[in-house]
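A.B. asks: Contents of my_file19.pdb (PDB, C-alpha atoms) are given next:
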ATOM      1  CA  MET A  27       0.000   0.000   0.000
ATOM      2  CA  ALA A  28       1.338   3.432  -0.957
ATOM      3  CA  VAL A  29       2.178   5.876   1.823
ATOM      4  CA  PRO A  30       0.232   9.124   1.302
ATOM      5  CA  ALA A  31       2.257  12.245   0.622
ATOM      6  CA  LEU A  32       2.194  14.859   3.363
ATOM      7  CA  PRO A  33       3.086  18.056   1.470
ATOM      8  CA  HIS A  34       1.892  20.629   4.035
ATOM      9  CA  ALA A  35       4.286  21.373   6.910
ATOM     10  CA  TYR A  36       3.634  23.421  10.056
ATOM     11  CA  ASP A  37       5.889  24.348  12.952
ATOM     12  CA  VAL A  38       4.012  23.365  16.106
ATOM     13  CA  GLU A  39       4.797  22.974  19.762
ATOM     14  CA  ILE A  40       3.918  19.918  21.810
ATOM     15  CA  LEU A  41       2.782  21.513  25.069
ATOM     16  CA  GLY A  42       1.687  18.365  26.831
ATOM     17  CA  LEU A  43       1.800  14.580  26.741
ATOM     18  CA  VAL A  44      -0.441  12.349  28.836
ATOM     19  CA  ALA A  45      -0.273   8.574  29.237
ATOM     20  CA  SER A  46      -1.998   6.786  32.075
ATOM     21  CA  PRO A  47      -2.065   3.174  33.217
ATOM     22  CA  ARG A  48      -5.591   3.733  34.583
ATOM     23  CA  HIS A  49      -8.702   5.766  33.884
ATOM     24  CA  ARG A  50      -8.817   8.991  35.929
ATOM     25  CA  TYR A  51     -12.312  10.266  35.004
ATOM     26  CA  ASP A  52     -14.294   7.112  35.666
ATOM     27  CA  GLY A  53     -18.004   7.047  36.379
ATOM     28  CA  ARG A  54     -20.115  10.093  37.095
ATOM     29  CA  PRO A  55     -18.263  13.348  37.716
ATOM     30  CA  GLY A  56     -17.346  14.094  41.286
ATOM     31  CA  GLN A  57     -16.711  17.384  43.040
ATOM     32  CA  THR A  58     -12.909  17.188  42.950
ATOM     33  CA  VAL A  59     -10.478  16.525  40.133
ATOM     34  CA  PRO A  60      -8.814  13.099  40.483
ATOM     35  CA  GLY A  61      -5.043  13.096  40.906
ATOM     36  CA  GLN A  62      -2.984  13.255  37.752
ATOM     37  CA  ASP A  63       0.302  12.136  39.343
ATOM     38  CA  GLY A  64       2.639  10.456  36.935
ATOM     39  CA  ASP A  65       0.369  10.850  33.889
ATOM     40  CA  ARG A  66       2.088  13.936  32.502
ATOM     41  CA  ARG A  67       5.092  12.913  30.460
ATOM     42  CA  THR A  68       8.031  14.630  28.806
ATOM     43  CA  THR A  69       8.207  11.852  26.195
ATOM     44  CA  VAL A  70       5.961   9.032  25.020
ATOM     45  CA  GLU A  71       6.825   6.017  22.913
ATOM     46  CA  VAL A  72       4.313   5.271  20.165
ATOM     47  CA  ARG A  73       4.083   1.841  18.573
ATOM     48  CA  ALA A  74       2.298   1.170  15.294
ATOM     49  CA  ASP A  75      -1.000  -0.689  15.696
ATOM     50  CA  HIS A  76      -0.496  -0.636  19.482
ATOM     51  CA  GLY A  77      -0.583   2.924  20.812
ATOM     52  CA  VAL A  78       1.353   4.663  23.566
ATOM     53  CA  VAL A  79       3.527   2.423  25.713
ATOM     54  CA  GLY A  80       2.248   2.495  29.298
ATOM     55  CA  ASP A  81      -1.195   3.877  28.434
ATOM     56  CA  ARG A  82      -4.331   1.994  29.485
ATOM     57  CA  TYR A  83      -5.627   1.832  25.892
ATOM     58  CA  ALA A  84      -2.411   0.478  24.327
ATOM     59  CA  GLY A  85      -2.928  -2.762  22.455
ATOM     60  CA  ARG A  86      -6.682  -2.917  23.077
ATOM     61  CA  PRO A  87      -8.646  -3.949  19.985
ATOM     62  CA  ALA A  88     -11.565  -1.675  20.878
ATOM     63  CA  HIS A  89      -9.210   1.315  20.732
ATOM     64  CA  ARG A  90      -7.429   0.443  17.487
ATOM     65  CA  ASP A  91      -8.563   3.705  15.875
ATOM     66  CA  ALA A  92      -8.225   5.684  19.094
ATOM     67  CA  GLN A  93      -4.729   4.779  20.295
ATOM     68  CA  VAL A  94      -3.588   8.409  20.444
ATOM     69  CA  THR A  95      -5.723  11.501  21.025
ATOM     70  CA  VAL A  96      -4.660  14.972  19.887
ATOM     71  CA  LEU A  97      -6.007  18.348  21.070
ATOM     72  CA  ALA A  98      -5.289  21.949  20.030
ATOM     73  CA  ALA A  99      -4.377  24.083  23.054
ATOM     74  CA  GLU A 100      -6.090  26.967  21.268
ATOM     75  CA  ALA A 101      -9.439  25.184  21.685
ATOM     76  CA  VAL A 102      -9.100  25.251  25.474
ATOM     77  CA  GLU A 103      -7.937  28.882  25.378
ATOM     78  CA  ALA A 104     -10.955  29.865  23.248
ATOM     79  CA  LEU A 105     -13.216  28.016  25.693
ATOM     80  CA  ALA A 106     -11.713  29.930  28.645
ATOM     81  CA  ALA A 107     -12.363  33.229  26.870
ATOM     82  CA  GLU A 108     -15.953  32.247  26.059
ATOM     83  CA  LEU A 109     -16.643  31.162  29.638
ATOM     84  CA  GLY A 110     -14.902  34.239  31.069
ATOM     85  CA  VAL A 111     -12.573  32.194  33.268
ATOM     86  CA  GLY A 112      -8.842  32.365  33.865
ATOM     87  CA  PRO A 113      -6.370  30.169  32.043
ATOM     88  CA  LEU A 114      -7.365  26.507  31.926
ATOM     89  CA  ASP A 115      -4.933  23.590  31.962
ATOM     90  CA  PRO A 116      -5.427  21.775  28.621
ATOM     91  CA  LEU A 117      -3.814  18.613  30.007
ATOM     92  CA  LEU A 118      -6.836  18.148  32.256
ATOM     93  CA  ALA A 119      -8.781  17.284  29.088
ATOM     94  CA  ARG A 120      -6.756  14.024  29.200
ATOM     95  CA  ARG A 121      -5.657  13.951  25.554
ATOM     96  CA  THR A 122      -2.421  12.135  24.706
ATOM     97  CA  VAL A 123      -0.916  15.078  22.795
ATOM     98  CA  VAL A 124      -1.682  18.776  23.295
ATOM     99  CA  LEU A 125      -0.429  20.904  20.396
ATOM    100  CA  ARG A 126      -0.100  24.613  19.765
ATOM    101  CA  GLY A 127      -0.182  25.844  16.180
ATOM    102  CA  ALA A 128      -2.350  23.268  14.394
ATOM    103  CA  GLN A 129      -5.969  23.086  13.297
ATOM    104  CA  VAL A 130      -6.414  19.621  14.790
ATOM    105  CA  GLU A 131     -10.105  19.231  13.938
ATOM    106  CA  ALA A 132      -9.275  19.491  10.195
ATOM    107  CA  LEU A 133      -7.254  16.266  10.538
ATOM    108  CA  ARG A 134     -10.342  14.075  11.005
ATOM    109  CA  GLY A 135     -10.058  11.269   8.468
ATOM    110  CA  GLN A 136      -6.594  12.446   7.395
ATOM    111  CA  GLU A 137      -3.142  10.973   7.710
ATOM    112  CA  PHE A 138      -0.573  13.262   9.301
ATOM    113  CA  SER A 139       2.748  13.082  11.114
ATOM    114  CA  LEU A 140       4.534  14.685  14.032
ATOM    115  CA  ASP A 141       8.320  14.909  14.059
ATOM    116  CA  CYS A 142      10.169  16.052  17.172
ATOM    117  CA  GLY A 143      13.581  15.606  15.549
ATOM    118  CA  GLU A 144      13.857  11.841  15.992
ATOM    119  CA  GLY A 145      11.841  10.816  12.959
ATOM    120  CA  GLU A 146       8.209  11.215  12.148
ATOM    121  CA  VAL A 147       5.373   9.463  13.936
ATOM    122  CA  ARG A 148       2.544   8.876  11.465
ATOM    123  CA  LEU A 149      -1.027   8.961  12.659
ATOM    124  CA  ARG A 150      -4.403   8.632  10.960
ATOM    125  CA  GLY A 151      -6.986  11.027  12.329
ATOM    126  CA  GLY A 152     -10.380   9.513  12.974
ATOM    127  CA  ARG A 153     -13.536  10.474  14.755
ATOM    128  CA  PRO A 154     -13.808  13.304  17.265
ATOM    129  CA  ALA A 155     -12.571  12.770  20.810
ATOM    130  CA  ASN A 156     -15.833  13.917  22.356
ATOM    131  CA  PRO A 157     -15.615  15.726  25.678
ATOM    132  CA  CYS A 158     -16.923  14.036  28.809
ATOM    133  CA  ALA A 159     -19.004  15.499  31.637
ATOM    134  CA  TRP A 160     -15.938  15.381  33.920
ATOM    135  CA  LEU A 161     -14.617  18.466  32.104
ATOM    136  CA  ASP A 162     -17.181  20.620  33.922
ATOM    137  CA  THR A 163     -15.325  19.654  37.123
ATOM    138  CA  ALA A 164     -11.767  19.409  35.780
ATOM    139  CA  LEU A 165     -11.747  22.602  33.679
ATOM    140  CA  ALA A 166     -14.750  24.829  34.408
ATOM    141  CA  PRO A 167     -18.542  24.682  34.500
ATOM    142  CA  GLY A 168     -19.688  24.703  30.867
ATOM    143  CA  ALA A 169     -16.549  23.005  29.509
ATOM    144  CA  HIS A 170     -18.363  19.788  28.575
ATOM    145  CA  ARG A 171     -20.742  21.613  26.253
ATOM    146  CA  GLY A 172     -18.227  24.283  25.210
ATOM    147  CA  LEU A 173     -15.642  21.802  23.912
ATOM    148  CA  ARG A 174     -18.059  19.941  21.650
ATOM    149  CA  GLY A 175     -16.635  19.931  18.157
ATOM    150  CA  ARG A 176     -13.162  20.962  19.291
ATOM    151  CA  ALA A 177     -12.105  18.502  22.003
ATOM    152  CA  GLY A 178      -9.590  16.866  19.676
ATOM    153  CA  ILE A 179      -9.448  13.774  17.529
ATOM    154  CA  ARG A 180      -8.834  10.076  18.040
ATOM    155  CA  CYS A 181      -6.005   8.635  15.971
ATOM    156  CA  ALA A 182      -4.567   5.291  14.930
ATOM    157  CA  ALA A 183      -0.797   4.930  15.316
ATOM    158  CA  LEU A 184       0.678   3.986  11.930
ATOM    159  CA  THR A 185       4.412   4.006  12.732
ATOM    160  CA  ASP A 186       6.703   3.597  15.726
ATOM    161  CA  GLY A 187       8.422   6.618  17.209
ATOM    162  CA  VAL A 188       8.932   9.002  20.085
ATOM    163  CA  LEU A 189       7.086  12.232  20.805
ATOM    164  CA  ARG A 190       8.531  14.747  23.229
ATOM    165  CA  LEU A 191       7.620  18.136  24.638
ATOM    166  CA  GLY A 192       8.820  21.125  22.648
ATOM    167  CA  PRO A 193       9.026  22.148  19.016
ATOM    168  CA  ALA A 194       7.878  19.735  16.332
ATOM    169  CA  VAL A 195       6.839  19.680  12.698
ATOM    170  CA  LEU A 196       3.365  18.549  11.749
ATOM    171  CA  ARG A 197       2.956  17.365   8.155
ATOM    172  CA  SER A 198      -0.460  16.791   6.649
ATOM    173  CA  ALA A 199      -2.080  15.752   3.409
ATOM    174  CA  VAL A 200      -4.458  18.721   3.621
ATOM    175  CA  PRO A 201      -3.767  22.412   4.221
ATOM    176  CA  LEU A 202      -4.564  23.676   7.711
ATOM    177  CA  ASP A 203      -5.781  27.097   8.826
ATOM    178  CA  VAL A 204      -3.733  27.760  11.945
ATOM    179  CA  ALA A 205      -5.934  30.769  12.782
ATOM    180  CA  ALA A 206      -8.877  28.344  13.145
ATOM    181  CA  ALA A 207      -7.082  26.049  15.633
ATOM    182  CA  GLY A 208      -9.518  26.902  18.437
ATOM    183  CA  ALA A 209     -12.682  26.871  16.334
ATOM    184  CA  ALA A 210     -15.335  24.216  16.794
ATOM    185  CA  VAL A 211     -16.407  21.953  13.960
ATOM    186  CA  ARG A 212     -20.139  21.496  14.188
ATOM    187  CA  PRO A 213     -21.801  18.413  12.734
ATOM    188  CA  VAL A 214     -23.729  18.884   9.537
ATOM    189  CA  ARG A 215     -27.426  18.214   9.994
ATOM    190  CA  ARG A 216     -28.798  15.596   7.698
ATOM    191  CA  PRO A 217     -32.083  16.306   5.896
TER     192      PRO A 217
END
Go ahead and express the file in the form of structure tokens.
C.D. replies:
Amino acid sequence: MAVPALPHAYDVEILGLVASPRHRYDGRPGQTVPGQDGDRRTTVEVRADHGVVGDRYAGRPAHRDAQVTVLAAEAVEALAAELGVGPLDPLLARRTVVLRGAQVEALRGQEFSLDCGEGEVRLRGGRPANPCAWLDTALAPGAHRGLRGRAGIRCAALTDGVLRLGPAVLRSAVPLDVAAAGAAVRPVRRP
């Protein structure tokens, strides 16, 4: 099978990486944010058809197309502005990779790569990573509804590699509008 060309390149920054051996936002939302100790990483190892080493979803057949989740930090910043609250921690959204400088929602259904200087990690964007009700507790009241359409995407890992905090290059098959990184993508209503 031919590897799709990724002609569009963008300088991005990986602001956060999260991998967890267990689910932190389980069940109905509580009044306090569960501990995040040890889940924030400086690097993560990605394995093709497996996911992130050490993450609870790695190697699980049900998560084959959702091995890595990616979120635009700008989406959380736009949400904070809309809700009129101070800065929000985008890592509390519990996405594997938090990027700055990429229109993540435009990568649904698209192959793309991230390269932190150690070789590219190819991913295939899939369905939206819908927000959960816990975000009203973890981020701010209204976050669950406010992040709909911009809470990131679920991705399949296509190649092995390492992602690390800091500057990276995102390559995509489609052009991205960096100015729209925080914008929500609303579903199209069917007739």
A.B. asks: Please write the residues picked by the PyMOL selection byres ((chain A and resi 32) around 12) on this file as a PDB file with C-alpha atoms, in the coordinates of the input.
C.D. replies:
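See part_37.pdb below for the written result:
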ATOM      1  CA  VAL A  29       2.178   5.876   1.823  1.00  0.00           C
ATOM      2  CA  PRO A  30       0.232   9.124   1.302  1.00  0.00           C
ATOM      3  CA  ALA A  31       2.257  12.245   0.622  1.00  0.00           C
ATOM      4  CA  PRO A  33       3.086  18.056   1.470  1.00  0.00           C
ATOM      5  CA  HIS A  34       1.892  20.629   4.035  1.00  0.00           C
ATOM      6  CA  ALA A  35       4.286  21.373   6.910  1.00  0.00           C
ATOM      7  CA  TYR A  36       3.634  23.421  10.056  1.00  0.00           C
ATOM      8  CA  LEU A 133      -7.254  16.266  10.538  1.00  0.00           C
ATOM      9  CA  GLN A 136      -6.594  12.446   7.395  1.00  0.00           C
ATOM     10  CA  GLU A 137      -3.142  10.973   7.710  1.00  0.00           C
ATOM     11  CA  PHE A 138      -0.573  13.262   9.301  1.00  0.00           C
ATOM     12  CA  SER A 139       2.748  13.082  11.114  1.00  0.00           C
ATOM     13  CA  LEU A 140       4.534  14.685  14.032  1.00  0.00           C
ATOM     14  CA  GLU A 146       8.209  11.215  12.148  1.00  0.00           C
ATOM     15  CA  ARG A 148       2.544   8.876  11.465  1.00  0.00           C
ATOM     16  CA  LEU A 149      -1.027   8.961  12.659  1.00  0.00           C
ATOM     17  CA  ARG A 150      -4.403   8.632  10.960  1.00  0.00           C
ATOM     18  CA  VAL A 195       6.839  19.680  12.698  1.00  0.00           C
ATOM     19  CA  LEU A 196       3.365  18.549  11.749  1.00  0.00           C
ATOM     20  CA  ARG A 197       2.956  17.365   8.155  1.00  0.00           C
ATOM     21  CA  SER A 198      -0.460  16.791   6.649  1.00  0.00           C
ATOM     22  CA  ALA A 199      -2.080  15.752   3.409  1.00  0.00           C
ATOM     23  CA  VAL A 200      -4.458  18.721   3.621  1.00  0.00           C
ATOM     24  CA  PRO A 201      -3.767  22.412   4.221  1.00  0.00           C
ATOM     25  CA  LEU A 202      -4.564  23.676   7.711  1.00  0.00           C
TER      26      LEU A 202
END
A.B. asks: Would you list the contacts of Leu105 in chain A as a list in words, taking every protein, DNA or RNA residue within 9 Å and counting all atoms listed in the file, but skipping same-chain residues closer than 3 positions in sequence?
C.D. replies: Glu100, Ala101, Val102, Glu108, Leu109, Gly110, Val111, Leu114, Gly168, Ala169, Gly172, Leu173 and Gly208 of chain A
A.B. asks: Return as a JSON list (two decimals) with C-alpha atoms, in the frame of the given file the set of residues that the PyMOL selection byres ((chain A and resi 73) around 12) yields on the displayed structure.
C.D. replies:
[["chain", "number", "residue", "atom", "x", "y", "z"],
["A", 70, "VAL", "CA", 5.96, 9.03, 25.02],
["A", 71, "GLU", "CA", 6.82, 6.02, 22.91],
["A", 72, "VAL", "CA", 4.31, 5.27, 20.16],
["A", 74, "ALA", "CA", 2.30, 1.17, 15.29],
["A", 75, "ASP", "CA", -1.00, -0.69, 15.70],
["A", 76, "HIS", "CA", -0.50, -0.64, 19.48],
["A", 77, "GLY", "CA", -0.58, 2.92, 20.81],
["A", 78, "VAL", "CA", 1.35, 4.66, 23.57],
["A", 79, "VAL", "CA", 3.53, 2.42, 25.71],
["A", 80, "GLY", "CA", 2.25, 2.50, 29.30],
["A", 81, "ASP", "CA", -1.20, 3.88, 28.43],
["A", 84, "ALA", "CA", -2.41, 0.48, 24.33],
["A", 85, "GLY", "CA", -2.93, -2.76, 22.46],
["A", 90, "ARG", "CA", -7.43, 0.44, 17.49],
["A", 93, "GLN", "CA", -4.73, 4.78, 20.30],
["A", 94, "VAL", "CA", -3.59, 8.41, 20.44],
["A", 147, "VAL", "CA", 5.37, 9.46, 13.94],
["A", 148, "ARG", "CA", 2.54, 8.88, 11.46],
["A", 149, "LEU", "CA", -1.03, 8.96, 12.66],
["A", 182, "ALA", "CA", -4.57, 5.29, 14.93],
["A", 183, "ALA", "CA", -0.80, 4.93, 15.32],
["A", 184, "LEU", "CA", 0.68, 3.99, 11.93],
["A", 185, "THR", "CA", 4.41, 4.01, 12.73],
["A", 186, "ASP", "CA", 6.70, 3.60, 15.73],
["A", 187, "GLY", "CA", 8.42, 6.62, 17.21],
["A", 188, "VAL", "CA", 8.93, 9.00, 20.08],
["A", 189, "LEU", "CA", 7.09, 12.23, 20.80]]
A.B. asks: Select, from A:His89, A:Arg180, A:Arg174, A:Arg82, the residue with the minimum atom-to-atom distance to Ala210 in chain A, counting all atoms listed in the file.
C.D. replies: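 Going through A:His89, A:Arg180, A:Arg174, A:Arg82 one by one, the smallest distance to Ala210 in chain A is for A:Arg174.
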A.B. asks: Quick one: which range 128-157 of chain A residues come within 10 Å of range 37-43 of chain A, and what is the nearest atom pair for each with the distance in Å to one decimal, counting all atoms listed in the file, rows ordered by chain and ascending number, as JSON lines?
C.D. replies:
{"residue": "A:Ala128", "atom": "CA", "partner": "A:Val38", "partner_atom": "CA", "distance": 6.6}
{"residue": "A:Leu140", "atom": "CA", "partner": "A:Val38", "partner_atom": "CA", "distance": 8.9}
{"residue": "A:Asp141", "atom": "CA", "partner": "A:Val38", "partner_atom": "CA", "distance": 9.7}
{"residue": "A:Cys142", "atom": "CA", "partner": "A:Ile40", "partner_atom": "CA", "distance": 8.7}
A.B. asks: Which of these residues is nearest to Ala177 in chain A, using only C-alpha atoms: A:Ala99, A:Ala155, A:Ala209, A:Val124?
C.D. replies: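 Once distances to Ala177 in chain A are computed over only C-alpha atoms, the minimum belongs to A:Ala155.
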A.B. asks: To one decimal place in Å, what is the distance between CA of Arg171 in chain A and CA of Thr58 in chain A?
C.D. replies: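 About the pair CA of Arg171 in chain A and CA of Thr58 in chain A: they are 19.0 Å apart.
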